[in-house]
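Peer 1: So that you have it, the file is coords.cif, and it contains mmCIF, C-alpha atoms:
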data_data
#
loop_
_atom_site.label_atom_id
_atom_site.label_comp_id
_atom_site.auth_asym_id
_atom_site.auth_seq_id
_atom_site.Cartn_x
_atom_site.Cartn_y
_atom_site.Cartn_z
CA MET E 1 25.96 6.92 -19.37
CA ASP E 2 27.84 9.36 -21.59
CA ASP E 3 28.71 12.98 -20.92
CA LEU E 4 25.45 14.27 -22.33
CA ASP E 5 23.49 11.91 -20.09
CA ALA E 6 25.48 13.06 -17.07
CA VAL E 7 24.79 16.69 -17.90
CA GLN E 8 21.10 15.97 -18.28
CA PHE E 9 21.04 14.02 -15.04
CA ARG E 10 22.73 16.88 -13.15
CA GLU E 11 20.28 19.36 -14.64
CA TYR E 12 17.38 17.17 -13.64
CA VAL E 13 18.59 16.79 -10.06
CA ALA E 14 19.35 20.49 -9.78
CA ALA E 15 15.84 21.32 -10.90
CA ARG E 16 14.04 18.74 -8.79
CA GLN E 17 16.12 18.05 -5.70
CA ARG E 18 14.51 20.72 -3.54
CA ALA E 19 11.01 19.38 -4.08
CA LEU E 20 12.13 15.77 -3.82
CA PHE E 21 14.05 16.41 -0.63
CA ARG E 22 11.03 18.06 0.92
CA SER E 23 8.85 15.12 0.01
CA ALA E 24 11.42 12.78 1.52
CA LEU E 25 11.46 14.92 4.63
CA LEU E 26 7.70 14.74 4.99
CA LEU E 27 7.77 10.99 4.49
CA THR E 28 10.53 10.31 7.00
CA GLY E 29 10.22 13.20 9.46
CA HIS E 30 14.00 13.19 9.78
CA ARG E 31 16.59 15.08 7.78
CA GLN E 32 19.27 12.40 7.70
CA ASP E 33 16.80 9.72 6.72
CA ALA E 34 15.44 12.04 4.03
CA GLU E 35 18.90 12.63 2.60
CA ASP E 36 19.75 8.94 2.66
CA LEU E 37 16.42 8.08 1.09
CA LEU E 38 16.83 10.56 -1.75
CA GLN E 39 20.47 9.62 -2.30
CA THR E 40 19.61 5.94 -2.62
CA ALA E 41 16.79 6.68 -5.04
CA LEU E 42 18.97 8.99 -7.14
CA THR E 43 21.68 6.36 -7.40
CA LYS E 44 19.16 3.86 -8.70
CA LEU E 45 17.87 6.48 -11.12
CA ALA E 46 21.39 7.27 -12.34
CA GLN E 47 21.95 3.59 -13.12
CA ARG E 48 18.90 3.59 -15.38
CA TRP E 49 18.92 7.23 -16.40
CA ARG E 50 19.01 6.93 -20.18
CA ALA E 51 16.01 4.62 -20.43
CA ILE E 52 13.98 6.38 -17.76
CA ASN E 53 14.74 9.82 -19.12
CA ARG E 54 13.65 8.70 -22.58
CA SER E 55 10.44 7.40 -21.11
CA GLY E 56 9.82 10.88 -19.79
CA SER E 57 9.00 9.84 -16.26
CA PRO E 58 12.00 10.17 -13.93
CA ASP E 59 9.77 11.80 -11.32
CA ALA E 60 7.45 8.82 -11.26
CA TYR E 61 10.37 6.41 -11.00
CA LEU E 62 11.91 8.38 -8.14
CA ARG E 63 8.65 8.66 -6.22
CA THR E 64 8.02 4.95 -6.48
CA THR E 65 11.58 4.08 -5.49
CA MET E 66 11.55 6.48 -2.56
CA TYR E 67 8.26 5.15 -1.26
CA HIS E 68 9.30 1.51 -1.40
CA GLN E 69 12.72 2.25 0.05
CA TRP E 70 11.16 4.24 2.85
CA ILE E 71 8.74 1.48 3.71
CA SER E 72 11.69 -0.86 3.92
CA TRP E 73 13.52 1.52 6.24
CA ARG E 74 10.45 2.05 8.36
CA ARG E 75 10.23 -1.67 8.98
CA ARG E 76 13.67 -1.81 10.44
CA HIS E 77 12.78 0.91 12.94
CA ARG E 78 9.77 -0.95 14.24
CA HIS E 79 11.34 -1.71 17.61
CA GLY E 80 11.71 1.78 18.89
CA ARG E 81 12.99 4.40 16.49
CA GLU E 82 9.76 6.31 16.18
CA TYR E 83 9.33 10.02 16.34
CA THR E 84 6.55 12.05 17.81
CA VAL E 85 5.95 15.13 15.74
CA GLU E 86 4.66 18.42 16.95
CA VAL E 87 5.27 22.04 16.14
CA THR E 88 7.73 23.80 18.37
CA PRO E 89 7.06 27.33 19.61
CA GLU E 90 10.12 28.47 17.63
CA THR E 91 8.62 27.11 14.46
CA SER E 92 5.26 28.71 15.10
CA ALA E 93 6.87 32.04 15.77
CA SER E 94 9.02 32.02 12.65
CA GLY E 95 8.37 35.08 10.57
CA ASP E 96 8.24 33.44 7.15
CA LEU E 97 5.54 30.96 7.98
CA ALA E 98 2.22 31.81 6.44
CA THR E 99 -0.23 29.22 7.69
CA ASP E 100 -1.86 29.17 11.06
CA GLY E 101 -0.06 27.34 13.81
CA ALA E 102 -3.07 25.24 14.76
CA LEU E 103 -3.14 23.59 11.37
CA ARG E 104 0.58 22.81 11.45
CA VAL E 105 0.19 21.31 14.91
CA ALA E 106 -2.72 19.22 13.70
CA LEU E 107 -0.86 18.09 10.60
CA ALA E 108 2.28 17.17 12.50
CA THR E 109 0.21 15.22 15.01
CA VAL E 110 -1.75 13.43 12.32
CA LEU E 111 1.38 12.56 10.35
CA SER E 112 2.88 10.93 13.42
CA GLN E 113 -0.19 8.72 13.81
CA LEU E 114 -0.44 7.49 10.24
CA THR E 115 0.67 4.20 8.76
CA PRO E 116 3.40 4.44 6.12
CA LYS E 117 0.88 4.13 3.33
CA GLN E 118 -1.44 6.75 4.80
CA ARG E 119 1.49 9.10 5.24
CA ALA E 120 2.54 8.55 1.64
CA VAL E 121 -1.00 9.35 0.52
CA VAL E 122 -0.86 12.67 2.35
CA VAL E 123 2.51 13.59 0.85
CA LEU E 124 1.73 12.51 -2.69
CA ARG E 125 -1.85 13.74 -2.79
CA TYR E 126 -1.76 16.95 -0.81
CA TYR E 127 1.85 18.05 -0.98
CA GLU E 128 2.81 16.95 -4.49
CA ASP E 129 -0.72 17.50 -5.80
CA LEU E 130 -0.75 14.23 -7.72
CA PRO E 131 -4.08 12.92 -8.98
CA GLU E 132 -5.54 9.95 -7.13
CA SER E 133 -4.83 7.62 -10.04
CA GLU E 134 -1.12 8.45 -9.97
CA VAL E 135 -0.94 8.06 -6.19
CA ALA E 136 -2.61 4.67 -6.54
CA ARG E 137 -0.12 3.59 -9.19
CA ILE E 138 2.88 4.59 -7.05
CA LEU E 139 1.54 2.91 -3.94
CA GLY E 140 0.32 -0.16 -5.77
CA CYS E 141 -3.25 0.12 -4.56
CA SER E 142 -6.65 1.11 -5.91
CA VAL E 143 -7.95 4.62 -6.39
CA GLY E 144 -10.64 3.76 -3.87
CA THR E 145 -7.99 2.98 -1.27
CA VAL E 146 -6.27 6.30 -1.89
CA ARG E 147 -9.59 8.10 -1.60
CA SER E 148 -10.56 6.37 1.62
CA GLN E 149 -7.15 6.96 3.19
CA ALA E 150 -7.37 10.62 2.25
CA HIS E 151 -10.85 10.95 3.73
CA ARG E 152 -9.77 9.35 6.99
CA THR E 153 -6.79 11.64 7.23
CA LEU E 154 -8.92 14.69 6.54
CA ALA E 155 -11.47 13.59 9.11
CA ARG E 156 -8.73 13.26 11.71
CA LEU E 157 -7.40 16.68 10.76
CA ARG E 158 -10.83 18.19 11.23
CA GLU E 159 -11.08 16.66 14.67
CA LEU E 160 -7.85 18.33 15.65
CA CYS E 161 -8.42 21.51 13.71
CA PRO E 162 -12.19 22.20 13.60
CA ASP E 163 -11.97 25.29 11.42
CA LEU E 164 -11.10 23.09 8.44
CA ALA E 165 -14.56 23.26 6.95
CA PRO E 166 -15.59 20.54 4.50
CA GLU E 167 -14.89 21.57 0.93
CA LYS E 168 -15.58 19.57 -2.15
CA GLU E 169 -12.50 20.76 -4.02
CA PHE E 170 -10.29 19.00 -1.49
CA ASP E 171 -10.89 15.69 -3.13
CA THR E 172 -10.73 16.76 -6.74
CA PRO E 173 -7.46 16.83 -8.68
CA MET V 1 -7.72 29.75 0.35
CA THR V 2 -9.22 26.29 0.00
CA THR V 3 -8.72 23.49 2.51
CA HIS V 4 -6.44 21.72 0.06
CA GLU V 5 -4.32 24.83 -0.35
CA ARG V 6 -4.12 25.39 3.39
CA ILE V 7 -2.97 21.84 4.00
CA ARG V 8 -0.45 22.02 1.21
CA GLN V 9 1.00 25.23 2.60
CA ALA V 10 1.21 23.77 6.08
CA LEU V 11 3.00 20.70 4.72
CA ASP V 12 5.39 22.93 2.82
CA GLU V 13 6.26 24.78 6.00
CA LEU V 14 6.75 21.55 7.92
CA ALA V 15 9.20 20.45 5.23
CA THR V 16 11.39 23.51 5.45
CA ALA V 17 15.03 22.49 5.90
CA PRO V 18 18.36 23.13 4.16
CA GLU V 19 18.89 20.92 1.13
CA PRO V 20 21.81 18.50 1.01
CA VAL V 21 24.54 19.23 -1.54
CA GLY V 22 26.29 17.02 -4.07
CA LEU V 23 23.43 14.57 -4.55
CA ALA V 24 23.78 14.33 -8.33
CA ASP V 25 27.54 13.83 -8.31
CA ARG V 26 27.42 11.19 -5.61
CA ALA V 27 24.68 9.33 -7.47
CA LEU V 28 26.59 9.48 -10.75
CA ARG V 29 29.81 8.20 -9.20
CA ALA V 30 28.05 5.34 -7.47
CA ALA V 31 26.13 4.41 -10.60
CA ARG V 32 29.24 4.47 -12.78
CA ARG V 33 31.24 2.34 -10.44
CA ARG V 34 28.49 -0.18 -9.97
CA ARG V 35 28.11 -0.45 -13.71
CA ALA V 36 31.85 -0.85 -14.19
CA ARG V 37 31.94 -3.59 -11.61
CA ASN V 38 28.85 -5.32 -12.94
CA ILE V 39 30.22 -5.65 -16.46
CA GLY V 40 33.50 -6.93 -15.14
CA ALA V 41 35.53 -3.98 -16.31
CA GLY V 42 37.97 -4.10 -13.46
CA ILE V 43 40.89 -2.56 -15.34
CA GLY V 44 41.01 1.14 -14.85
CA VAL V 45 38.24 1.38 -12.31
CA GLY V 46 40.65 2.16 -9.50
CA GLY V 47 42.19 4.97 -11.48
CA LEU V 48 38.77 6.26 -12.39
CA GLY V 49 37.81 6.16 -8.76
CA LEU V 50 40.84 8.17 -7.73
CA ALA V 51 40.15 10.70 -10.44
CA LEU V 52 36.52 11.00 -9.48
CA ALA V 53 37.42 11.31 -5.82
CA ALA V 54 39.73 14.18 -6.70
CA VAL V 55 36.95 15.78 -8.71
CA ALA V 56 34.64 15.34 -5.74
CA VAL V 57 36.88 17.41 -3.52
CA VAL V 58 36.86 20.16 -6.11
CA GLN V 59 33.19 19.97 -6.95
CA LEU V 60 31.81 19.58 -3.46
CA PRO V 61 33.35 22.37 -1.43
CA GLY V 62 30.48 22.17 1.01
CA ALA V 63 30.27 18.41 1.30
CA GLY V 64 30.83 16.34 4.41
CA THR V 65 31.18 17.43 7.98
CA VAL V 66 31.81 16.31 11.44
CA GLN V 67 30.11 18.74 13.68
CA PRO V 68 31.78 20.07 16.81
CA GLY V 69 31.64 17.78 19.76
CA ALA V 70 31.68 14.60 17.70
CA THR V 71 32.72 12.57 20.69
CA GLU V 72 30.00 14.06 22.89
CA PRO V 73 26.62 12.41 23.35
CA CYS V 74 24.23 12.83 20.48
CA ALA V 75 26.76 14.23 18.03
CA THR V 76 25.58 14.44 14.45
CA PHE V 77 27.59 13.59 11.35
CA THR V 78 26.12 14.98 8.17
CA SER V 79 27.61 14.87 4.71
CA GLY V 80 27.52 18.08 2.79
CA SER V 81 28.83 20.72 5.16
CA ASN V 82 32.59 21.14 5.37
CA GLY V 83 34.27 20.13 2.16
CA GLN V 84 34.60 16.41 2.73
CA PRO V 85 32.32 13.80 1.24
CA GLU V 86 32.66 11.40 4.16
CA VAL V 87 33.37 11.30 7.88
CA PRO V 88 37.13 10.88 8.51
CA ARG V 89 37.82 7.44 9.91
CA ASP V 90 39.57 8.78 13.00
CA GLN V 91 36.37 10.58 13.94
CA TRP V 92 34.01 7.66 13.60
CA PRO V 93 31.89 6.99 16.67
CA ASP V 94 32.95 3.91 18.64
CA PHE V 95 29.86 1.95 17.65
CA VAL V 96 30.68 2.44 13.97
CA SER V 97 34.31 1.41 14.39
CA ALA V 98 33.27 -1.67 16.36
CA THR V 99 30.71 -2.68 13.75
CA ILE V 100 33.18 -2.33 10.90
CA ALA V 101 35.81 -4.27 12.87
CA ALA V 102 33.35 -7.15 13.13
CA LEU V 103 32.60 -7.22 9.39
CA PRO V 104 34.78 -8.65 6.61
CA ALA V 105 38.01 -6.68 6.38
CA ARG V 106 38.31 -4.12 3.60
CA SER V 107 39.89 -0.70 3.47
CA ASP V 108 37.12 1.25 1.77
CA TYR V 109 34.30 1.39 4.31
CA SER V 110 33.15 4.99 4.16
CA MET V 111 30.91 6.57 6.80
CA GLN V 112 28.49 8.97 5.15
CA SER V 113 26.32 10.20 8.00
CA GLY V 114 24.83 9.34 11.35
CA HIS V 115 24.51 10.31 14.97
CA THR V 116 25.77 8.98 18.26
CA PHE V 117 23.45 7.88 21.06
CA CYS V 118 20.55 10.27 21.38
CA PHE V 119 17.55 10.11 23.63
CA GLY V 120 14.44 11.33 21.91
CA PHE V 121 14.96 12.90 18.55
CA PRO V 122 18.51 12.70 17.16
CA GLY V 123 20.61 15.81 16.99
CA ASP V 124 19.53 17.20 13.66
CA PRO V 125 16.02 18.43 14.28
CA VAL V 126 13.59 19.19 11.55
CA PRO V 127 11.41 22.26 12.12
CA GLY V 128 8.10 21.05 13.41
CA TYR V 129 9.45 17.82 14.82
CA THR V 130 10.40 17.40 18.44
CA PRO V 131 11.80 14.57 20.53
CA ALA V 132 9.72 11.55 21.33
CA PRO V 133 8.85 11.58 25.02
CA ASP V 134 9.60 7.90 25.60
CA ALA V 135 11.58 7.60 28.80
CA GLY V 136 14.96 6.04 28.33
CA VAL V 137 14.54 5.06 24.70
CA GLY V 138 17.62 6.07 22.79
CA ALA V 139 19.18 5.38 19.42
CA ALA V 140 22.36 5.67 17.42
CA TYR V 141 22.47 5.50 13.67
CA ALA V 142 24.99 5.55 10.85
CA VAL V 143 25.11 5.03 7.13
CA VAL V 144 28.29 3.39 5.85
CA ASN V 145 29.10 2.91 2.18
CA LEU V 146 31.17 -0.03 0.98
CA GLY V 147 33.42 1.85 -1.36
CA PRO V 148 33.51 5.65 -1.39
CA ASP V 149 30.17 5.86 -3.12
CA GLY V 150 28.63 2.61 -2.11
CA GLU V 151 29.60 0.64 -5.20
CA ASP V 152 29.69 -2.53 -3.08
CA GLY V 153 26.64 -1.67 -1.10
CA ARG V 154 25.29 0.41 1.70
CA LEU V 155 25.12 -0.51 5.36
CA SER V 156 22.87 1.13 7.94
CA ILE V 157 23.72 0.66 11.59
CA ASP V 158 20.76 1.24 13.84
CA ILE V 159 21.08 0.67 17.57
CA GLN V 160 18.28 1.22 20.03
CA ILE V 161 18.56 1.05 23.78
CA GLY V 162 15.83 0.89 26.38
CA VAL V 163 13.40 -0.69 23.91
CA PRO V 164 10.28 -1.58 25.90
CA THR V 165 9.26 -4.50 23.68
CA PRO V 166 12.38 -6.02 22.14
CA PRO V 167 12.12 -9.04 19.81
CA VAL V 168 11.53 -12.29 21.67
CA ASP V 169 11.94 -15.02 19.08
CA CYS V 170 12.59 -15.38 15.37
CA GLU V 171 9.24 -16.81 14.39
CA THR V 172 7.26 -14.06 16.07
CA GLU V 173 9.42 -11.43 14.48
CA VAL V 174 9.10 -12.67 10.92
CA THR V 175 5.37 -13.19 11.38
CA GLU V 176 4.86 -9.66 12.69
CA PHE V 177 7.09 -8.25 10.01
CA ASN V 178 5.19 -9.93 7.22
CA ALA V 179 1.88 -8.83 8.67
CA GLN V 180 3.08 -5.24 8.60
CA ALA V 181 4.38 -5.65 5.06
CA ALA V 182 1.04 -7.04 3.94
CA GLU V 183 -0.73 -4.10 5.56
CA ASN V 184 1.34 -1.82 3.36
CA GLY V 185 0.89 -3.90 0.23
CA LEU V 186 4.53 -4.94 0.05
CA PRO V 187 6.29 -8.29 -0.24
CA GLY V 188 7.19 -10.08 2.97
CA ALA V 189 10.59 -11.15 4.22
CA ALA V 190 12.24 -14.54 4.49
CA LEU V 191 13.93 -15.73 7.67
CA LEU V 192 17.47 -16.51 6.51
CA LEU V 193 19.11 -17.26 9.84
CA CYS V 194 18.01 -17.68 13.43
CA HIS V 195 19.96 -18.12 16.65
CA GLU V 196 17.69 -18.18 19.67
CA PRO V 197 19.18 -16.50 22.75
CA THR V 198 21.40 -18.25 25.26
CA PRO V 199 22.54 -17.02 28.68
CA THR V 200 25.58 -15.47 27.01
CA THR V 201 24.39 -14.54 23.51
CA PRO V 202 21.51 -12.43 22.20
CA LEU V 203 18.62 -13.49 20.02
CA THR V 204 20.04 -13.09 16.52
CA TYR V 205 18.26 -13.42 13.22
CA VAL V 206 18.51 -12.26 9.62
CA LEU V 207 15.64 -11.33 7.35
CA GLY V 208 15.98 -11.24 3.58
CA PHE V 209 13.84 -8.73 1.71
CA ASP V 210 14.88 -9.21 -1.88
CA GLU V 211 17.86 -10.52 -3.77
CA ASP V 212 20.33 -8.01 -2.36
CA THR V 213 18.82 -6.65 0.85
CA ILE V 214 19.23 -8.26 4.27
CA GLU V 215 18.82 -7.16 7.86
CA ALA V 216 20.50 -8.72 10.88
CA THR V 217 19.06 -8.10 14.33
CA ALA V 218 20.59 -8.87 17.71
CA ALA V 219 18.23 -8.36 20.66
CA TYR V 220 19.51 -8.36 24.24
CA ASP V 221 17.61 -8.89 27.48
CA ASP V 222 18.33 -5.34 28.62
CA GLY V 223 16.30 -3.80 25.78
CA THR V 224 19.26 -3.17 23.49
CA VAL V 225 18.53 -3.95 19.85
CA VAL V 226 21.20 -3.83 17.14
CA GLU V 227 19.96 -3.78 13.56
CA LEU V 228 22.32 -3.91 10.60
CA TYR V 229 20.60 -3.34 7.29
CA TYR V 230 22.62 -4.02 4.16
CA ILE V 231 21.90 -3.48 0.49
CA GLY V 232 24.51 -5.16 -1.69
CA ASP V 233 26.18 -8.48 -2.30
CA ALA V 234 29.53 -8.22 -0.52
CA ILE V 235 28.35 -9.26 2.98
CA THR V 236 26.60 -12.55 3.70
CA ALA V 237 23.77 -13.13 6.14
CA GLU V 238 26.11 -15.04 8.45
CA GLN V 239 28.68 -12.24 8.42
CA LEU V 240 26.06 -9.59 9.10
CA ALA V 241 24.58 -11.62 11.96
CA ALA V 242 27.99 -12.13 13.53
CA ALA V 243 28.65 -8.39 13.44
CA ALA V 244 25.25 -7.54 14.94
CA ALA V 245 25.86 -9.87 17.88
CA ASP V 246 29.52 -9.00 18.27
CA PRO V 247 30.54 -8.54 21.96
CA GLY V 248 32.93 -5.75 20.98
CA LEU V 249 30.09 -3.79 19.43
CA TYR V 250 27.82 -4.39 22.43
CA ALA V 251 30.58 -3.08 24.72
CA THR V 252 30.38 0.33 23.02
CA ILE V 253 26.66 0.74 23.75
CA PRO V 254 25.71 2.78 26.82
CA SER V 255 22.96 1.77 29.21
CA ALA V 256 19.56 3.34 28.87
CA PRO V 257 18.79 5.98 31.48
CA ALA V 258 15.80 5.46 33.72
CA ALA V 259 14.45 8.98 33.40
CA THR V 260 12.92 10.76 30.45
CA ALA V 261 15.41 12.70 28.41
CA THR V 262 14.96 14.74 25.29
#
Take the structure in the file and write it out as structure tokens.
Peer 2:
Amino acid sequence: MDDLDAVQFREYVAARQRALFRSALLLTGHRQDAEDLLQTALTKLAQRWRAINRSGSPDAYLRTTMYHQWISWRRRHRHGREYTVEVTPETSASGDLATDGALRVALATVLSQLTPKQRAVVVLRYYEDLPESEVARILGCSVGTVRSQAHRTLARLRELCPDLAPEKEFDTP
Amino acid sequence: MTTHERIRQALDELATAPEPVGLADRALRAARRRRARNIGAGIGVGGLGLALAAVAVVQLPGAGTVQPGATEPCATFTSGSNGQPEVPRDQWPDFVSATIAALPARSDYSMQSGHTFCFGFPGDPVPGYTPAPDAGVGAAYAVVNLGPDGEDGRLSIDIQIGVPTPPVDCETEVTEFNAQAAENGLPGAALLLCHEPTPTTPLTYVLGFDEDTIEATAAYDDGTVVELYYIGDAITAEQLAAAAADPGLYATIPSAPAATAT
């Protein structure tokens, strides 16, 4: 990597790290894990930066790397390091939060109950707004699997938060 | 606002947290050093490392911290907060020092982040996430780089105490692991090493995930589980297993409390 590559890499990270860190945070539910996850993925990206940057898809590479790395980390926590997620009163009362607390509670609860793949579907599909085909490519599954996982998650959300009325646009890119 | 938009906004609020600093520079340094090592360009790498380390101090004024009370229960160590890219060695938690002492000797182990023994959610809460209510289940965790930026790999130390269902034997563990991997559409693991428990030693095994990723687990009768997860090629499966089951490391681990704690 030459100086120009390094400059471009720094610019890319500066532009994208906020969004990527938030995605990592939603995947892991833990700030340290999110930082470690993103750092590991960025190191791998830096090693292959020139080729991946030329291909025009560093985001796709990072998402795929983060997902697979996270799955690997999740496996090593299978004996007890699991977190229950719920919204604290302090969070609900925070002045800069715009959504209703019931939905955040429902989302946090649902996230804690999902498998790694289901959780990744939620993050990639509904947080990053990726089309189903792209989510399927990252997760290495079919579009039908992504769609069914999304429907199950939405159904569970509606159980916990009944005012989420069915809307067709939810499932369209 | 559509359902999709409402969910996206709620997710965005759940993900609100301060961003880490210095990610790009750390990634670049690690990538450069790994490349230099991989092509066998040993000459000059040390000097480059020193120069880059000096640059790091200048470029990362907010990097690295040991938060107050580092020796207290559930202290958190987070890179990116007080001008240092790593946790000073004299402030490492005992479990980290003991783990490193049990691994092959080298002078450049570098603790990046972690927390001491916490019960429930570790000491760096994310808005919207609260401690697990499991009574007596606690954990300590640390990330240690081999080399200042992990050019010889990255070690995660994960210790759980009070685990209600600890591993019982190697075969069951690898079978369950591979079932979970299959469920997520990912490759399984290979059992690289297995020492069944004796009256004086824990169940110890090593799983291999790909060419440079291994995990050693030591599971004790009292519900203590030590997991060392390593990405790199400088530590062997046997060495990692020996460290996971090291009596000196086990001696640093507190007992799980009987009551719920958060």
Peer 1: Using only C-alpha atoms, which residue out of V:Ala216, V:Asp210, V:Val225, V:Ala182 lies closest to Lys117 (chain E)?
Peer 2: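 Once distances to Lys117 (chain E) are computed over only C-alpha atoms, the minimum belongs to V:Ala182.
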Peer 1: The PyMOL selection byres ((chain E and resi 106) around 9) on the file shown: which residues, as a VMD selection string?
Peer 2: chain E and resid 86 to 87 101 to 105 107 to 111 156 to 161
Peer 1: Could the residues in this selection be written to a file with C-alpha atoms, as a CSV table (one decimal), in the frame of the given file?
Peer 2:
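Result file follows (result_33.csv):
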chain,number,residue,atom,x,y,z
E,86,GLU,CA,4.7,18.4,17.0
E,87,VAL,CA,5.3,22.0,16.1
E,101,GLY,CA,-0.1,27.3,13.8
E,102,ALA,CA,-3.1,25.2,14.8
E,103,LEU,CA,-3.1,23.6,11.4
E,104,ARG,CA,0.6,22.8,11.4
E,105,VAL,CA,0.2,21.3,14.9
E,107,LEU,CA,-0.9,18.1,10.6
E,108,ALA,CA,2.3,17.2,12.5
E,109,THR,CA,0.2,15.2,15.0
E,110,VAL,CA,-1.8,13.4,12.3
E,111,LEU,CA,1.4,12.6,10.4
E,156,ARG,CA,-8.7,13.3,11.7
E,157,LEU,CA,-7.4,16.7,10.8
E,158,ARG,CA,-10.8,18.2,11.2
E,159,GLU,CA,-11.1,16.7,14.7
E,160,LEU,CA,-7.8,18.3,15.6
E,161,CYS,CA,-8.4,21.5,13.7
Peer 1: Please identify all polymer residues within 8 Å of Asp5 (chain E), counting only C-alpha atoms, omitting same-chain residues fewer than 3 positions from it, and present them as a compact mmCIF listing (two decimals) with C-alpha atoms, in the frame of the given file.
Peer 2:
# COMPACT_ATOMS: atom_id res chain seq x y z
CA MET E 1 25.96 6.92 -19.37
CA ASP E 2 27.84 9.36 -21.59
CA GLN E 8 21.10 15.97 -18.28
CA PHE E 9 21.04 14.02 -15.04
CA TRP E 49 18.92 7.23 -16.40
CA ARG E 50 19.01 6.93 -20.18
Peer 1: What's the separation between CA of Ala140 (chain V) and CA of Pro167 (chain V), in Å to one decimal place?
Peer 2: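 Separating CA of Ala140 (chain V) from CA of Pro167 (chain V) is a distance of 18.1 Å.
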Peer 1: So what does the PyMOL selection byres ((chain E and resi 140) around 12) actually pick up in this one, as a PyMOL selection string?
Peer 2: (chain E and resi 64+67-68+117+120-121+132-139+141-146) or (chain V and resi 182+184-187)
Peer 1: Evaluating the PyMOL selection byres ((chain V and resi 90-103) around 8) on the displayed file yields which residues, as an mmCIF file with C-alpha atoms, in the coordinates of the input?
Peer 2:
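Printed below is expr.cif as written:
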data_model
loop_
_atom_site.group_PDB
_atom_site.id
_atom_site.type_symbol
_atom_site.label_atom_id
_atom_site.label_comp_id
_atom_site.auth_asym_id
_atom_site.auth_seq_id
_atom_site.Cartn_x
_atom_site.Cartn_y
_atom_site.Cartn_z
ATOM 1 C CA VAL V 66 31.810 16.310 11.440
ATOM 2 C CA ALA V 70 31.680 14.600 17.700
ATOM 3 C CA THR V 71 32.720 12.570 20.690
ATOM 4 C CA VAL V 87 33.370 11.300 7.880
ATOM 5 C CA PRO V 88 37.130 10.880 8.510
ATOM 6 C CA ARG V 89 37.820 7.440 9.910
ATOM 7 C CA PRO V 104 34.780 -8.650 6.610
ATOM 8 C CA ALA V 105 38.010 -6.680 6.380
ATOM 9 C CA TYR V 109 34.300 1.390 4.310
ATOM 10 C CA MET V 111 30.910 6.570 6.800
ATOM 11 C CA THR V 116 25.770 8.980 18.260
ATOM 12 C CA ALA V 142 24.990 5.550 10.850
ATOM 13 C CA ILE V 157 23.720 0.660 11.590
ATOM 14 C CA ILE V 235 28.350 -9.260 2.980
ATOM 15 C CA GLN V 239 28.680 -12.240 8.420
ATOM 16 C CA LEU V 240 26.060 -9.590 9.100
ATOM 17 C CA ALA V 242 27.990 -12.130 13.530
ATOM 18 C CA ALA V 243 28.650 -8.390 13.440
ATOM 19 C CA ALA V 244 25.250 -7.540 14.940
ATOM 20 C CA ASP V 246 29.520 -9.000 18.270
ATOM 21 C CA GLY V 248 32.930 -5.750 20.980
ATOM 22 C CA LEU V 249 30.090 -3.790 19.430
ATOM 23 C CA THR V 252 30.380 0.330 23.020
ATOM 24 C CA ILE V 253 26.660 0.740 23.750
#
Peer 1: List every protein, DNA or RNA residue that has at least one atom no more than 10 Å from (8.9, 21.7, 4.8) in the file's coordinates, counting all atoms listed in the file, and write the result as an mmCIF file with C-alpha atoms, in the frame of the given file.
Peer 2:
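Writing done, so here's result_33.cif:
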data_model
loop_
_atom_site.group_PDB
_atom_site.id
_atom_site.type_symbol
_atom_site.label_atom_id
_atom_site.label_comp_id
_atom_site.auth_asym_id
_atom_site.auth_seq_id
_atom_site.Cartn_x
_atom_site.Cartn_y
_atom_site.Cartn_z
ATOM 1 C CA ALA E 19 11.010 19.380 -4.080
ATOM 2 C CA PHE E 21 14.050 16.410 -0.630
ATOM 3 C CA ARG E 22 11.030 18.060 0.920
ATOM 4 C CA SER E 23 8.850 15.120 0.010
ATOM 5 C CA ALA E 24 11.420 12.780 1.520
ATOM 6 C CA LEU E 25 11.460 14.920 4.630
ATOM 7 C CA LEU E 26 7.700 14.740 4.990
ATOM 8 C CA GLY E 29 10.220 13.200 9.460
ATOM 9 C CA TYR E 127 1.850 18.050 -0.980
ATOM 10 C CA GLN V 9 1.000 25.230 2.600
ATOM 11 C CA ALA V 10 1.210 23.770 6.080
ATOM 12 C CA LEU V 11 3.000 20.700 4.720
ATOM 13 C CA ASP V 12 5.390 22.930 2.820
ATOM 14 C CA GLU V 13 6.260 24.780 6.000
ATOM 15 C CA LEU V 14 6.750 21.550 7.920
ATOM 16 C CA ALA V 15 9.200 20.450 5.230
ATOM 17 C CA THR V 16 11.390 23.510 5.450
ATOM 18 C CA ALA V 17 15.030 22.490 5.900
ATOM 19 C CA PRO V 18 18.360 23.130 4.160
ATOM 20 C CA VAL V 126 13.590 19.190 11.550
ATOM 21 C CA PRO V 127 11.410 22.260 12.120
ATOM 22 C CA GLY V 128 8.100 21.050 13.410
#
